[in-house]
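Everything on this sheet refers to the single structure shown next.
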Amino acid sequence: MNDTSPGWTALVLAGQRPGVDPVAAQFGLEAKALVPVAGELMLNRVLMALADTPRIGRIVVLAQNAEALLAHPDLAWAAADPQITPRASGRSISGSVLAAVKDPAIGLPVLVTTADNVMLTPATVSDFLAATGSADVSVAMVEKSRLEAAVGRNRRTWLRFRDGAFTGANLFALSAPAANNVLRFWERVEQDRKSVLRLAARFGPALMVKMLLRRMGVHEALAAAGAKLGAHVAPVLLSDGRMGVDVDKPEDHALAERLLGAQG
């Protein structure tokens, strides 16, 4: 871990959603975070990328069984690192993140990512943090053509705007107290995260129509949505198209293995 006195804490979401996870089930495991990809646990890949990022000073693993995850033999280095700590999560992802940032021992600014974000690299994290600017909430996104150039045609949840189609990269920066407004809103609508229509409807008819008719660019749309919540929200468009790949499904796992194998 670096000793450069940086100001960011990284929250790694490593818990389980309700029900059977198809990737964990494929490997006969309960915890998806402990599934290996190209010879390394998913959680291990993410923790190593964050530990090698100079601006990250502390890492919190957030899961229902966070201590048990770090007890895995392959994560002995992380369990021994005083700057990597486990924290039990609550009933919802957004509620757990909100509780963490309101905890004086953690606070802001916070980088949020997931244990299945296996394409994460220190360079991507550094570039993302450098681009957050004055936003209260920064959302990492990948444009469709950039992703397809890197990994081929791929089935993702695409958000379509006037200036293109984008997918999320499981990377968020919460920089100021107004980010709490976004987390409270997300806690109410978390079940709608995969439905563009239902999410758009939450912001009122005028903004919904503009979004659905693609009359707004991605920066304009996120700024307008954030303004509804009392926060400055901005996208950060990543240059590494592979960052649009996380491991939600067995076919994602196969793709990640291919990409990481090619990377060596």
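Letters for chains follow the order of the structure tokens (A, B, ...), residue numbers begin at 1 for each chain, and ligand numbers begin at 1 in the order shown.
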Could you please write out, as a CSV table (one decimal) with N, CA and C atoms, in the first residue's frame, every residue of region 45-92 of chain A that DSSP assigns to helix (DSSP H, G or I)?
```csv
chain,number,residue,atom,x,y,z
A,45,ARG,N,-8.1,-9.3,-7.4
A,45,ARG,CA,-7.8,-8.4,-8.6
A,45,ARG,C,-8.1,-6.9,-8.3
A,46,VAL,N,-9.3,-6.7,-7.7
A,46,VAL,CA,-9.8,-5.4,-7.5
A,46,VAL,C,-9.0,-4.8,-6.3
A,47,LEU,N,-8.7,-5.5,-5.3
A,47,LEU,CA,-8.0,-5.0,-4.1
A,47,LEU,C,-6.5,-4.6,-4.5
A,48,MET,N,-5.9,-5.5,-5.4
A,48,MET,CA,-4.6,-5.2,-5.8
A,48,MET,C,-4.5,-3.9,-6.7
A,49,ALA,N,-5.5,-3.7,-7.5
A,49,ALA,CA,-5.5,-2.5,-8.4
A,49,ALA,C,-5.7,-1.3,-7.5
A,50,LEU,N,-6.5,-1.3,-6.5
A,50,LEU,CA,-6.7,-0.2,-5.6
A,50,LEU,C,-5.5,0.1,-4.7
A,51,ALA,N,-4.9,-1.0,-4.2
A,51,ALA,CA,-3.7,-0.9,-3.4
A,51,ALA,C,-2.6,-0.2,-4.1
A,66,ALA,N,-17.9,-9.9,5.2
A,66,ALA,CA,-16.6,-9.3,4.8
A,66,ALA,C,-15.4,-9.9,5.5
A,67,GLU,N,-15.5,-10.2,6.8
A,67,GLU,CA,-14.4,-10.8,7.5
A,67,GLU,C,-14.1,-12.2,6.9
A,68,ALA,N,-15.1,-13.0,6.6
A,68,ALA,CA,-14.9,-14.3,6.1
A,68,ALA,C,-14.3,-14.2,4.7
A,69,LEU,N,-14.6,-13.2,3.9
A,69,LEU,CA,-14.0,-13.1,2.6
A,69,LEU,C,-12.5,-12.9,2.7
A,70,LEU,N,-12.1,-12.0,3.6
A,70,LEU,CA,-10.7,-11.7,3.8
A,70,LEU,C,-9.9,-12.8,4.5
A,73,PRO,N,-7.3,-17.8,2.0
A,73,PRO,CA,-5.8,-17.9,2.0
A,73,PRO,C,-5.2,-16.9,0.9
A,74,ASP,N,-5.9,-16.8,-0.2
A,74,ASP,CA,-5.3,-16.0,-1.3
A,74,ASP,C,-5.4,-14.5,-0.9
A,75,LEU,N,-6.1,-14.1,0.1
A,75,LEU,CA,-6.3,-12.7,0.5
A,75,LEU,C,-5.6,-12.4,1.8
A,76,ALA,N,-4.6,-13.3,2.2
A,76,ALA,CA,-3.9,-13.1,3.4
A,76,ALA,C,-3.2,-11.8,3.5
A,77,TRP,N,-2.6,-11.4,2.3
A,77,TRP,CA,-1.9,-10.1,2.3
A,77,TRP,C,-2.8,-8.9,2.6
A,78,ALA,N,-4.1,-9.0,2.1
A,78,ALA,CA,-5.1,-8.0,2.3
A,78,ALA,C,-5.5,-7.9,3.8
A,79,ALA,N,-5.7,-9.1,4.4
A,79,ALA,CA,-6.1,-9.2,5.8
A,79,ALA,C,-5.1,-8.7,6.7
A,80,ALA,N,-3.8,-8.8,6.3
A,80,ALA,CA,-2.7,-8.3,7.1
A,80,ALA,C,-2.4,-6.8,6.9
```
(request) Identify which of the residues A:Gln83, A:Ser175, A:Asn170, A:Ser89 lies closest to Leu120 (chain A), counting only C-alpha atoms when measuring atom-to-atom distances. (result)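 Among A:Gln83, A:Ser175, A:Asn170, A:Ser89, it is A:Asn170 that comes nearest to Leu120 (chain A).
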(request) For region 255-257 of chain A, work out the shell of residues within 12 Å, counting only C-alpha atoms and skipping chain neighbours fewer than 3 positions away, then give it as a VMD selection string. (result) chain A and resid 35 to 42 45 116 to 120 150 to 155 242 to 252 260 to 264
(message) Quick check, in Å to one decimal: how far apart do CA of Glu220 (chain A) and CA of Phe161 (chain A) lie?
(response)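 Rounded to one decimal, the two atoms are 9.5 Å apart.
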(request) Name all residues at most 6 Å from His232 (chain A) (count only C-alpha atoms; drop same-chain ones fewer than 3 positions away) and give them as number ranges by chain. (result) A: 135-136, 226
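The strand (DSSP E) portion of region 42-91 of chain A consists of Ile56, Gly57, Arg58, Ile59, Val60, Val61, Leu62, Ala63, Ile84, Thr85, Pro86, Arg87 and Ala88 of chain A, with states taken from DSSP on the backbone.
CA of Pro122 (chain A) is found 28.7 Å from CA of Asn181 (chain A).
Compared by their closest atoms to Arg87 (chain A), and using only C-alpha atoms, the residues A:Asp52, A:Ala99, A:Ala178, A:Leu62 rank with A:Leu62 nearest.
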(request) Please measure the separation of CA of Trp186 (chain A) and CA of Leu237 (chain A), giving the value in Å to one decimal. (result)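 Between these atoms lies a distance of 21.3 Å.
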(message) Taking only C-alpha atoms into account, name the residue in A:Ala130, A:Val139, A:Leu108, A:Leu222 that is nearest to Val236 (chain A).
(response)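 Going through A:Ala130, A:Val139, A:Leu108, A:Leu222 one by one, the smallest distance to Val236 (chain A) is for A:Val139.
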(request) Name the closest residue to Ala115 (chain A) among the candidates A:Ala10, A:Ala231, A:Ala33, A:Val218; distances are taken between atoms, counting only C-alpha atoms. (result)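 When distances to Ala115 (chain A) are compared using only C-alpha atoms, the smallest one comes from A:Ala33.
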(message) At a cut-off of 9 Å, using only C-alpha atoms, what residues contact Ala63 (chain A)? Leave out same-chain residues fewer than 5 positions from it and give the result as a ChimeraX atom specification.
(response) /A:12-16,69,86-90
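Among the candidates A:Ser92, A:Gln64, A:Thr9, A:Thr157, the one nearest to Ile106 (chain A) when counting only C-alpha atoms is A:Thr9.
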